[in-house]
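**Q** The following file, input.tsv, comprises TSV, C-alpha atoms:
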```tsv
chain	number	residue	atom	x	y	z
A	20	MET	CA	-13.17	-54.60	-2.08
A	21	GLU	CA	-10.69	-54.46	0.81
A	22	ALA	CA	-8.87	-51.59	-0.90
A	23	ILE	CA	-12.13	-49.65	-1.29
A	24	LEU	CA	-13.02	-50.19	2.37
A	25	PHE	CA	-9.57	-48.93	3.36
A	26	LEU	CA	-10.09	-45.80	1.27
A	27	GLN	CA	-13.45	-45.23	2.89
A	28	ASP	CA	-12.03	-45.66	6.38
A	29	ALA	CA	-9.26	-43.17	5.60
A	30	LEU	CA	-11.75	-40.73	4.05
A	31	VAL	CA	-9.54	-40.64	0.96
A	32	LEU	CA	-12.47	-41.85	-1.16
A	33	ASP	CA	-14.41	-38.74	-0.12
A	34	GLN	CA	-11.48	-36.63	-1.23
A	35	LEU	CA	-11.45	-38.38	-4.62
A	36	ILE	CA	-15.12	-37.56	-5.05
A	37	TYR	CA	-14.63	-33.90	-4.07
A	38	ALA	CA	-11.65	-33.57	-6.41
A	39	ALA	CA	-13.61	-35.06	-9.30
A	40	GLY	CA	-16.58	-32.82	-8.61
A	41	ALA	CA	-14.41	-29.72	-8.42
A	42	ALA	CA	-12.71	-30.61	-11.70
A	43	LEU	CA	-16.05	-31.01	-13.47
A	44	THR	CA	-17.63	-27.81	-12.16
A	45	ARG	CA	-14.72	-25.39	-12.33
A	46	GLY	CA	-15.34	-22.45	-14.58
A	47	ARG	CA	-19.13	-22.78	-14.30
A	48	GLU	CA	-21.38	-20.27	-12.65
A	49	GLY	CA	-22.60	-21.48	-9.29
A	50	ALA	CA	-26.21	-22.34	-8.74
A	51	SER	CA	-27.67	-19.56	-6.62
A	52	LEU	CA	-29.91	-20.11	-3.62
A	53	ALA	CA	-32.90	-17.86	-3.30
A	54	GLY	CA	-31.70	-14.37	-2.41
A	55	ILE	CA	-28.06	-15.53	-1.99
A	56	GLU	CA	-25.14	-13.92	-3.79
A	57	VAL	CA	-21.61	-15.36	-3.56
A	58	ALA	CA	-18.50	-13.44	-4.63
A	59	SER	CA	-14.71	-13.59	-4.48
A	60	TYR	CA	-12.39	-10.60	-3.91
A	61	SER	CA	-8.65	-10.11	-4.13
A	62	GLY	CA	-6.16	-7.26	-4.37
A	63	PRO	CA	-7.61	-3.74	-4.00
A	64	GLU	CA	-11.14	-5.17	-4.14
A	65	VAL	CA	-10.70	-6.50	-0.59
A	66	HIS	CA	-10.40	-2.99	0.84
A	67	ALA	CA	-13.63	-1.98	-0.86
A	68	ILE	CA	-15.62	-4.48	1.22
A	69	ALA	CA	-13.86	-3.63	4.51
A	70	PRO	CA	-16.69	-1.34	5.75
A	71	GLU	CA	-19.24	-4.13	5.23
A	72	TRP	CA	-16.92	-6.61	6.93
A	73	ARG	CA	-16.51	-4.39	9.98
A	74	ALA	CA	-20.26	-3.81	10.09
A	75	LEU	CA	-20.84	-7.59	10.14
A	76	GLU	CA	-18.40	-7.90	13.06
A	77	LYS	CA	-20.31	-5.25	14.99
A	78	ARG	CA	-23.64	-6.97	14.35
A	79	GLN	CA	-22.19	-10.37	15.28
A	80	PRO	CA	-19.43	-9.78	17.88
A	81	ASP	CA	-19.22	-13.50	18.64
A	82	ALA	CA	-18.72	-14.50	14.98
A	83	GLY	CA	-15.34	-15.92	14.06
A	84	THR	CA	-12.33	-15.42	16.29
A	85	VAL	CA	-10.07	-12.44	16.77
A	86	PHE	CA	-7.78	-13.89	14.10
A	87	GLN	CA	-10.42	-13.32	11.41
A	88	SER	CA	-11.08	-9.69	12.31
A	89	CYS	CA	-10.99	-7.34	9.34
A	90	ASP	CA	-8.31	-5.05	10.75
A	91	LEU	CA	-5.96	-7.91	11.65
A	92	ILE	CA	-6.34	-9.55	8.24
A	93	LEU	CA	-5.65	-6.27	6.43
A	94	ALA	CA	-2.56	-5.72	8.60
A	95	TRP	CA	-1.46	-9.27	7.76
A	96	GLU	CA	-1.91	-8.56	4.05
A	97	ARG	CA	0.40	-5.55	4.21
A	98	HIS	CA	3.23	-7.74	5.52
A	99	PHE	CA	2.63	-11.20	4.07
A	100	ALA	CA	0.89	-10.81	0.71
A	101	ASN	CA	3.27	-11.11	-2.23
A	102	ALA	CA	3.57	-12.76	-5.62
A	103	ARG	CA	3.36	-16.21	-4.00
A	104	ASN	CA	0.83	-15.49	-1.25
A	105	GLU	CA	-2.46	-13.76	-2.08
A	106	LEU	CA	-5.29	-12.63	0.16
A	107	ARG	CA	-8.62	-13.80	-1.22
A	108	ILE	CA	-11.98	-13.14	0.43
A	109	ILE	CA	-15.11	-15.20	-0.24
A	110	THR	CA	-18.36	-13.46	0.69
A	111	VAL	CA	-22.00	-14.48	0.91
A	112	ARG	CA	-24.80	-11.91	0.87
A	113	ARG	CA	-28.44	-12.51	1.62
A	114	ARG	CA	-30.78	-10.04	-0.04
A	115	GLY	CA	-27.86	-7.69	-0.43
A	116	GLU	CA	-26.65	-7.85	3.20
A	117	LEU	CA	-23.26	-9.40	3.98
A	118	VAL	CA	-23.77	-12.52	6.12
A	119	LEU	CA	-20.50	-14.45	5.71
A	120	VAL	CA	-16.82	-13.69	5.14
A	121	TRP	CA	-14.28	-16.46	4.50
A	122	PRO	CA	-10.72	-15.03	4.51
A	123	LEU	CA	-8.19	-17.16	2.64
A	124	ALA	CA	-4.51	-17.02	1.82
A	125	VAL	CA	-3.88	-18.66	-1.56
A	126	GLU	CA	-0.25	-19.68	-1.67
A	127	THR	CA	2.09	-21.15	-4.25
A	128	THR	CA	4.02	-24.01	-2.63
A	129	SER	CA	6.42	-26.66	-3.86
A	130	PHE	CA	3.38	-28.94	-4.06
A	131	GLY	CA	1.06	-26.64	-6.01
A	132	ARG	CA	-1.40	-23.91	-5.10
A	133	MET	CA	-3.24	-24.31	-1.83
A	134	ALA	CA	-5.56	-22.18	0.29
A	135	CYS	CA	-5.51	-21.84	4.07
A	136	TRP	CA	-6.75	-19.31	6.59
A	137	ALA	CA	-5.54	-15.80	5.92
A	138	GLY	CA	-3.47	-14.63	8.87
A	139	ASP	CA	-1.10	-17.61	9.05
A	140	PRO	CA	1.32	-17.80	10.88
A	141	ILE	CA	-0.19	-15.16	13.19
A	142	GLY	CA	-3.61	-16.71	13.43
A	143	GLN	CA	-3.95	-19.63	15.83
A	144	TYR	CA	-7.62	-20.39	15.19
A	145	GLY	CA	-9.62	-20.48	11.98
A	146	ASP	CA	-13.30	-19.82	11.32
A	147	VAL	CA	-15.64	-17.97	9.04
A	148	ILE	CA	-17.23	-14.71	10.13
A	149	ALA	CA	-20.89	-15.62	9.77
A	150	ALA	CA	-24.18	-14.28	11.02
A	151	ASP	CA	-26.04	-16.69	13.27
A	152	GLY	CA	-29.07	-18.43	11.88
A	153	PRO	CA	-30.47	-21.73	10.56
A	154	ALA	CA	-29.10	-21.10	7.04
A	155	ARG	CA	-25.48	-20.65	8.13
A	156	GLU	CA	-24.30	-24.04	6.90
A	157	GLU	CA	-25.95	-23.35	3.53
A	158	TRP	CA	-23.93	-20.14	3.32
A	159	ILE	CA	-20.74	-22.05	4.18
A	160	GLU	CA	-21.50	-24.62	1.49
A	161	ALA	CA	-22.17	-21.87	-1.04
A	162	ALA	CA	-18.84	-20.21	-0.18
A	163	PHE	CA	-17.06	-23.57	-0.45
A	164	ALA	CA	-18.59	-24.10	-3.91
A	165	GLU	CA	-17.11	-20.75	-4.94
A	166	ILE	CA	-13.67	-21.86	-3.68
A	167	GLY	CA	-14.03	-25.11	-5.64
A	168	ARG	CA	-14.74	-23.23	-8.87
A	169	GLN	CA	-11.41	-21.41	-8.66
A	170	GLU	CA	-9.07	-23.39	-10.86
A	171	ASP	CA	-5.80	-22.41	-9.16
A	172	ILE	CA	-6.58	-24.04	-5.77
A	173	GLY	CA	-5.73	-27.72	-5.42
A	174	PHE	CA	-5.97	-28.13	-1.66
A	175	LEU	CA	-7.89	-26.39	1.11
A	176	CYS	CA	-6.20	-26.55	4.54
A	177	LEU	CA	-8.38	-25.64	7.52
A	178	ARG	CA	-6.32	-25.67	10.71
A	179	GLY	CA	-7.19	-24.62	14.23
A	180	LEU	CA	-10.95	-25.17	14.30
A	181	ARG	CA	-12.37	-25.01	17.79
A	182	ALA	CA	-15.15	-27.55	18.18
A	183	ASP	CA	-17.58	-24.71	18.89
A	184	SER	CA	-16.65	-22.70	15.78
A	185	ALA	CA	-19.22	-21.98	13.09
A	186	ILE	CA	-17.42	-24.09	10.47
A	187	ALA	CA	-16.33	-27.04	12.65
A	188	ALA	CA	-19.25	-29.41	12.02
A	189	TRP	CA	-19.24	-28.68	8.29
A	190	ALA	CA	-15.46	-29.23	8.02
A	191	ALA	CA	-15.71	-32.53	9.91
A	192	ARG	CA	-18.16	-33.80	7.28
A	193	ARG	CA	-16.36	-32.40	4.25
A	194	GLY	CA	-12.69	-32.84	5.14
A	195	ILE	CA	-10.15	-35.37	6.24
A	196	ALA	CA	-8.59	-34.95	9.69
A	197	LEU	CA	-4.94	-33.89	9.58
A	198	GLY	CA	-3.89	-35.76	12.68
A	199	PRO	CA	-5.50	-36.16	16.10
A	200	ALA	CA	-7.43	-33.34	17.74
A	201	ALA	CA	-5.64	-30.97	20.09
A	202	VAL	CA	-7.18	-29.60	23.27
A	203	THR	CA	-7.32	-26.11	24.68
A	204	PRO	CA	-7.96	-26.05	28.46
A	205	VAL	CA	-10.14	-22.97	28.91
A	206	LEU	CA	-11.34	-21.18	32.01
A	207	ASP	CA	-15.08	-20.48	31.96
A	208	THR	CA	-15.33	-17.41	34.18
A	209	THR	CA	-19.14	-17.32	34.09
A	210	ALA	CA	-19.04	-19.82	36.95
A	211	TYR	CA	-17.97	-16.96	39.23
A	212	SER	CA	-20.13	-13.96	40.04
A	213	CYS	CA	-17.19	-11.86	41.24
A	214	LEU	CA	-13.44	-11.96	41.86
A	215	ASP	CA	-13.92	-13.09	45.47
A	216	GLY	CA	-15.86	-16.09	44.22
A	217	PHE	CA	-13.09	-16.96	41.79
A	218	MET	CA	-10.36	-16.67	44.43
A	219	ALA	CA	-12.42	-18.73	46.88
A	220	GLU	CA	-12.04	-21.66	44.49
A	221	ASP	CA	-8.74	-22.36	46.29
A	222	TRP	CA	-6.60	-22.88	43.20
A	223	PRO	CA	-3.38	-24.74	44.15
A	224	ILE	CA	-1.31	-22.63	41.77
A	225	ALA	CA	-2.61	-19.44	43.42
A	226	LYS	CA	-0.90	-20.45	46.67
A	227	ARG	CA	2.43	-20.80	44.87
A	228	ASN	CA	1.87	-17.50	43.11
A	229	ALA	CA	1.28	-15.79	46.45
A	230	LYS	CA	4.82	-16.80	47.45
A	231	ARG	CA	6.18	-15.52	44.16
A	232	MET	CA	4.44	-12.18	44.65
A	233	ARG	CA	5.91	-11.84	48.12
A	234	LYS	CA	9.32	-12.51	46.62
A	235	PHE	CA	8.79	-9.80	44.02
A	236	ASP	CA	7.79	-7.36	46.74
A	237	SER	CA	11.04	-8.14	48.56
A	238	LEU	CA	12.99	-7.42	45.36
A	239	GLY	CA	11.69	-3.87	45.15
A	240	GLY	CA	7.97	-4.24	44.56
A	241	MET	CA	5.89	-5.44	41.62
A	242	ASN	CA	3.44	-3.67	39.33
A	243	PHE	CA	0.93	-5.15	36.90
A	244	GLU	CA	-0.98	-3.45	34.11
A	245	ILE	CA	-2.84	-4.32	30.92
A	246	VAL	CA	-1.87	-2.08	28.04
A	247	GLY	CA	-4.02	-1.36	24.99
A	248	PRO	CA	-2.86	-0.26	21.52
A	249	GLY	CA	-0.33	2.59	21.48
A	250	GLN	CA	3.37	3.27	21.72
A	251	GLU	CA	3.78	1.45	25.03
A	252	ALA	CA	2.20	-1.65	23.50
A	253	VAL	CA	4.57	-1.37	20.53
A	254	ALA	CA	7.61	-1.46	22.81
A	255	LEU	CA	6.23	-4.35	24.86
A	256	VAL	CA	5.38	-6.48	21.80
A	257	ALA	CA	8.89	-6.00	20.42
A	258	LYS	CA	10.40	-6.89	23.81
A	259	ALA	CA	8.20	-9.99	24.05
A	260	PHE	CA	9.49	-11.26	20.70
A	261	ALA	CA	13.08	-10.73	21.82
A	262	PHE	CA	12.46	-12.73	25.01
A	263	LYS	CA	10.71	-15.50	23.05
A	264	ARG	CA	13.47	-15.89	20.47
A	265	GLU	CA	16.09	-16.09	23.21
A	266	TRP	CA	14.06	-18.74	25.01
A	267	LEU	CA	13.62	-20.84	21.83
A	268	ALA	CA	17.32	-20.61	20.94
A	269	ALA	CA	18.42	-21.72	24.40
A	270	ARG	CA	16.29	-24.86	24.13
A	271	GLY	CA	17.02	-25.63	20.49
A	272	LEU	CA	13.34	-25.32	19.62
A	273	TYR	CA	12.15	-24.33	16.17
A	274	GLY	CA	9.35	-21.77	15.97
A	275	ARG	CA	8.47	-21.28	12.31
A	276	ALA	CA	6.57	-18.09	13.00
A	277	PHE	CA	9.35	-16.63	15.15
A	278	ASN	CA	11.92	-17.21	12.42
A	279	ASP	CA	9.92	-14.92	10.14
A	280	ASN	CA	10.51	-11.24	10.94
A	281	ARG	CA	7.27	-10.32	9.19
A	282	MET	CA	5.27	-11.72	12.09
A	283	GLU	CA	6.88	-9.36	14.59
A	284	GLU	CA	6.68	-6.42	12.17
A	285	CYS	CA	2.98	-7.05	11.58
A	286	LEU	CA	2.08	-7.35	15.26
A	287	VAL	CA	4.21	-4.33	16.20
A	288	GLU	CA	2.37	-2.27	13.59
A	289	PHE	CA	-0.95	-3.64	14.80
A	290	ALA	CA	-0.08	-2.84	18.42
A	291	GLY	CA	0.52	0.78	17.53
A	292	ASP	CA	-2.77	1.31	15.67
A	293	ALA	CA	-5.21	2.67	18.21
A	294	SER	CA	-7.82	3.16	15.47
A	295	ALA	CA	-7.99	-0.56	14.64
A	296	SER	CA	-10.58	-2.82	16.21
A	297	SER	CA	-7.85	-5.11	17.49
A	298	GLY	CA	-8.85	-6.05	21.01
A	299	LEU	CA	-5.13	-6.04	21.86
A	300	ALA	CA	-4.45	-6.49	25.58
A	301	VAL	CA	-0.79	-6.70	26.61
A	302	SER	CA	-0.26	-7.86	30.20
A	303	HIS	CA	2.91	-6.40	31.71
A	304	LEU	CA	4.55	-7.31	35.02
A	305	THR	CA	7.46	-5.27	36.35
A	306	VAL	CA	9.63	-5.90	39.40
A	307	ASP	CA	11.49	-2.88	40.80
A	308	GLY	CA	10.71	-1.10	37.53
A	309	ASP	CA	12.16	-3.79	35.25
A	310	THR	CA	10.06	-5.95	32.92
A	311	ALA	CA	9.70	-9.44	34.39
A	312	ALA	CA	7.04	-10.94	32.09
A	313	ILE	CA	4.73	-10.06	29.20
A	314	GLU	CA	1.65	-11.72	27.79
A	315	ILE	CA	0.34	-10.62	24.40
A	316	GLY	CA	-3.40	-11.19	24.40
A	317	PHE	CA	-6.50	-10.30	22.41
A	318	ARG	CA	-10.06	-9.78	23.57
A	319	ARG	CA	-13.05	-10.29	21.33
A	320	GLY	CA	-16.57	-11.63	21.65
A	321	GLY	CA	-16.32	-12.17	25.41
A	322	ARG	CA	-13.15	-14.23	25.12
A	323	HIS	CA	-9.53	-13.47	26.09
A	324	TYR	CA	-7.00	-15.19	23.83
A	325	ALA	CA	-3.68	-15.61	25.65
A	326	TYR	CA	-1.63	-15.42	22.49
A	327	MET	CA	2.00	-15.41	23.63
A	328	GLY	CA	3.61	-15.36	27.06
A	329	THR	CA	7.27	-14.51	27.65
A	330	PHE	CA	9.55	-13.53	30.50
A	331	ALA	CA	12.88	-11.82	31.04
A	332	PRO	CA	15.71	-14.37	31.43
A	333	GLU	CA	16.99	-12.71	34.60
A	334	PHE	CA	13.65	-13.39	36.33
A	335	ALA	CA	13.24	-16.96	35.01
A	336	LYS	CA	13.96	-18.65	38.34
A	337	HIS	CA	11.05	-16.76	39.94
A	338	SER	CA	8.48	-17.92	37.31
A	339	PRO	CA	6.91	-14.49	36.62
A	340	GLY	CA	4.86	-15.89	33.75
A	341	PHE	CA	2.66	-17.81	36.21
A	342	VAL	CA	1.93	-14.58	38.06
A	343	VAL	CA	1.05	-12.72	34.86
A	344	THR	CA	-1.40	-15.47	33.93
A	345	GLU	CA	-3.20	-15.26	37.26
A	346	LEU	CA	-3.38	-11.46	37.27
A	347	THR	CA	-4.68	-11.45	33.70
A	348	ILE	CA	-7.35	-13.98	34.61
A	349	ARG	CA	-8.36	-11.90	37.60
A	350	ASP	CA	-8.83	-8.92	35.28
A	351	CYS	CA	-10.97	-11.05	32.95
A	352	VAL	CA	-13.23	-11.98	35.86
A	353	GLU	CA	-13.53	-8.35	36.95
A	354	GLN	CA	-14.22	-7.17	33.39
A	355	GLY	CA	-16.91	-9.79	32.82
A	356	ILE	CA	-14.98	-11.60	30.07
A	357	ALA	CA	-16.58	-15.02	29.82
A	358	GLU	CA	-13.60	-17.16	28.84
A	359	TYR	CA	-9.83	-17.20	29.19
A	360	ASP	CA	-8.36	-19.29	26.37
A	361	PRO	CA	-4.61	-20.10	26.58
A	362	MET	CA	-4.82	-22.05	23.27
A	363	PRO	CA	-3.26	-25.46	22.55
A	364	PRO	CA	-1.30	-27.44	23.52
A	365	ALA	CA	-2.75	-28.43	26.89
A	366	ASP	CA	0.39	-27.89	28.95
A	367	ASP	CA	0.29	-28.38	32.71
A	368	TYR	CA	0.48	-24.67	33.49
A	369	LYS	CA	-2.58	-24.09	31.31
A	370	LEU	CA	-4.50	-26.98	32.84
A	371	ALA	CA	-3.86	-25.48	36.28
A	372	TRP	CA	-6.21	-22.57	35.47
A	373	SER	CA	-8.93	-24.42	33.58
A	374	ASN	CA	-12.37	-25.78	34.30
A	375	ALA	CA	-13.34	-26.87	30.77
A	376	ARG	CA	-11.82	-28.40	27.64
A	377	VAL	CA	-12.40	-27.53	23.97
A	378	ALA	CA	-11.22	-29.80	21.16
A	379	VAL	CA	-9.35	-28.16	18.27
A	380	HIS	CA	-9.21	-29.90	14.87
A	381	ASP	CA	-7.29	-29.58	11.61
A	382	TYR	CA	-8.90	-30.63	8.32
A	383	GLY	CA	-7.91	-30.78	4.68
A	384	ILE	CA	-10.01	-30.95	1.51
A	385	VAL	CA	-8.62	-31.93	-1.89
A	386	LEU	CA	-10.02	-29.74	-4.69
A	387	GLY	CA	-7.93	-31.00	-7.59
A	388	TRP	CA	-5.71	-33.90	-8.51
A	389	GLY	CA	-2.61	-31.92	-7.61
A	390	GLY	CA	-3.92	-31.48	-4.09
A	391	TYR	CA	-3.10	-35.02	-3.04
A	392	LEU	CA	0.58	-34.23	-2.58
A	393	SER	CA	-0.36	-31.26	-0.38
A	394	LEU	CA	-2.64	-33.57	1.63
A	395	ALA	CA	0.19	-36.04	2.14
A	396	VAL	CA	2.55	-33.30	3.31
A	397	ALA	CA	-0.01	-31.74	5.68
A	398	ALA	CA	-1.31	-35.01	7.12
A	399	TRP	CA	1.85	-37.10	7.36
A	400	ALA	CA	5.16	-35.61	6.20
A	401	ARG	CA	5.13	-32.36	8.19
A	402	PRO	CA	4.02	-33.94	11.51
A	403	ALA	CA	6.67	-36.65	11.07
A	404	ALA	CA	9.37	-34.03	10.49
A	405	LYS	CA	8.34	-32.19	13.67
A	406	ARG	CA	8.45	-35.39	15.73
A	407	LEU	CA	11.88	-36.20	14.37
A	408	PHE	CA	13.24	-32.72	15.09
A	409	VAL	CA	12.27	-32.68	18.77
A	410	ARG	CA	13.99	-36.05	19.30
A	411	LEU	CA	17.36	-34.77	18.09
A	412	PRO	CA	20.09	-33.83	20.60
A	413	LEU	CA	19.96	-30.25	21.86
A	414	LYS	CA	23.20	-29.09	20.21
A	415	LEU	CA	22.15	-30.52	16.86
A	416	ARG	CA	18.75	-28.81	17.10
A	417	GLN	CA	20.44	-25.51	17.86
A	418	LYS	CA	22.64	-25.85	14.78
A	419	LEU	CA	19.72	-26.84	12.54
A	420	ARG	CA	17.69	-23.83	13.71
A	421	LYS	CA	20.34	-21.56	12.19
```
What do you get writing this file as structure tokens?
**A**
Amino acid sequence: MEAILFLQDALVLDQLIYAAGAALTRGREGASLAGIEVASYSGPEVHAIAPEWRALEKRQPDAGTVFQSCDLILAWERHFANARNELRIITVRRRGELVLVWPLAVETTSFGRMACWAGDPIGQYGDVIAADGPAREEWIEAAFAEIGRQEDIGFLCLRGLRADSAIAAWAARRGIALGPAAVTPVLDTTAYSCLDGFMAEDWPIAKRNAKRMRKFDSLGGMNFEIVGPGQEAVALVAKAFAFKREWLAARGLYGRAFNDNRMEECLVEFAGDASASSGLAVSHLTVDGDTAAIEIGFRRGGRHYAYMGTFAPEFAKHSPGFVVTELTIRDCVEQGIAEYDPMPPADDYKLAWSNARVAVHDYGIVLGWGGYLSLAVAAWARPAAKRLFVRLPLKLRQKLRK
């Protein structure tokens, strides 16, 4: 009895039940709800549904996050899909109209086949693109049943779920938490009717930034702009990656995404595609004509995602990144963008510009007996390896990075 209670407390018993259910139902046709059609697409089939996907995004601009946008996922596929990593899209239609898209990457790992959000490692948040309505959780459950019927998936990994995402409540019931929740300290700009109202808040960091700006003026003058997709954005994205890699190397930090050249290649391509619905917004600060800091951001559904901030090493002592953050936030207020989201972790410099907190969760769901090893790696082994790495001496970390 004590063993069973332990399993229940750990939610492992739930995973046993889901795995057994998936094993029994795989290969069967799913029971259809009235007027609901569920389908799965991969390979060239994905491009055939792209017009419907984009139309759903236009009807529901708040659905999902920027990291589930059709154009970003298709750009990701061009760079990351291969024999081991397949893009698979689960769709739900109601009376013939597309109401839900669940983009997955199905990957062959050392621990078996698993599915996670398509877009990894670019995507920082996960969600389904779903029309709003009382039946939304039924659509999510129907899509999940379709995933469970696919015999090659042993584990479903759902990372980066904001607490206000469409799938968060469902995932909390269905999955097991992969570690404690993270927090993103957001700035809700709807509290301010105009830029003057925002500045009147008397932010302590704004006073320090005012000194930094005066310093930049004394060094030859500063200029700030936000650049959309095009050739200038391409050059800035490439420069931002160079700055970031140099910064990581100097500190002996390991950035899995930054060690993969495909991430930079994908985002550089995306930055140059003015026809894509990308929402790309690259903040660029120059001092005396030289780049001092860059922030790669995305805007979608009334939210600005501060994706990656970097700075030129020669300006490091003047902290230009803090200035870029403030000037980007000011632009958000002026443009009527409701939220500035710097994304986890909740570092001090992010907390300095926040007035709200949003929890971010990771969940896993076992779909087959082979998925338990993937669960163990995701929930325990990988976090332990990360904790061990950051405790190593700097010189040893720098050697291990190579």
**Q** For a test of reading the model, state the distance in Å between CA of Gly167 (chain A) and CA of Val385 (chain A), rounded to one decimal.
**A** 9.5 Å
**Q** Give me, as a ChimeraX atom specification, all polymer residues having an atom no more than 12 Å from Arg231 (chain A), counting all atoms listed in the file and skipping those fewer than 5 positions away in the same chain.
**A** /A:224-226,236-238,240-241,306,334-343,345
**Q** Can you pull out every residue within 7 Å of Tyr326 (chain A), counting only C-alpha atoms, but drop anything in the same chain fewer than 3 positions away, and send it as a PDB file with C-alpha atoms, in the coordinates of the input?
**A**
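Output file around21.pdb follows:
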```pdb
ATOM      1  CA  ILE A 315       0.340 -10.620  24.400  1.00  0.00           C
ATOM      2  CA  GLY A 316      -3.400 -11.190  24.400  1.00  0.00           C
ATOM      3  CA  PRO A 361      -4.610 -20.100  26.580  1.00  0.00           C
TER       4      PRO A 361
END
```
**Q** CA of Val120 (chain A) and CA of Glu156 (chain A) are how many Å apart?
**A** 12.9 Å
**Q** Quick one: residues within 12 Å of Glu220 (chain A), only C-alpha atoms counted, chain neighbours fewer than 6 positions away excluded, as a PyMOL selection string?
**A** chain A and resi 208+210-211+213-214+226+372-374
**Q** For Gln143 (chain A), which residue among A:Ala325, A:Glu265, A:Leu304, A:Val111 is the nearest when counting only C-alpha atoms?
**A**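 Answer, going by the shortest atom-to-atom distance: A:Ala325.
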**Q** Have a look at A:Trp121, A:Phe330, A:Tyr60, A:Phe174 and name the one nearest to Ala82 (chain A); count all atoms listed in the file.
**A** A:Trp121
**Q** Given the choices A:Ile245, A:Ala162, A:Ala371, A:Ile109, which gets closest to Arg318 (chain A) if the distance is worked out from only C-alpha atoms?
**A**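 With only C-alpha atoms as the atom set, the closest residue is A:Ile245.
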**Q** Tell me, as a ChimeraX atom specification, which residues lie within 9 Å of Ala191 (chain A), counting all atoms listed in the file; anything in the same chain fewer than 4 positions away does not count.
**A** /A:186-187,195-196,380,382
**Q** Report as number ranges by chain all protein, DNA and RNA residues lying within 9 Å of region 133-138 of chain A, evaluated on only C-alpha atoms, omitting residues in the same chain fewer than 4 positions from it.
**A** A: 86-87, 91-96, 99, 105-108, 121-128, 142-146, 171-178, 390, 393
**Q** Please write out, as lines of an AutoDock Vina configuration file, where the centre of an axis-aligned box around all listed atoms of region 369-388 of chain A lies and how long its edges are, in Å to one decimal, after adding 3 Å on each side.
**A**
```
center_x = -8.0
center_y = -28.2
center_z = 13.9
size_x = 16.8
size_y = 17.3
size_z = 50.8
```
**Q** Counting all atoms listed in the file, figure out which residue out of A:Ala182, A:Val85, A:Val253, A:Ala149 gets nearest to Ala378 (chain A).
**A**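 For Ala378 (chain A), the nearest of the candidates is A:Ala182.
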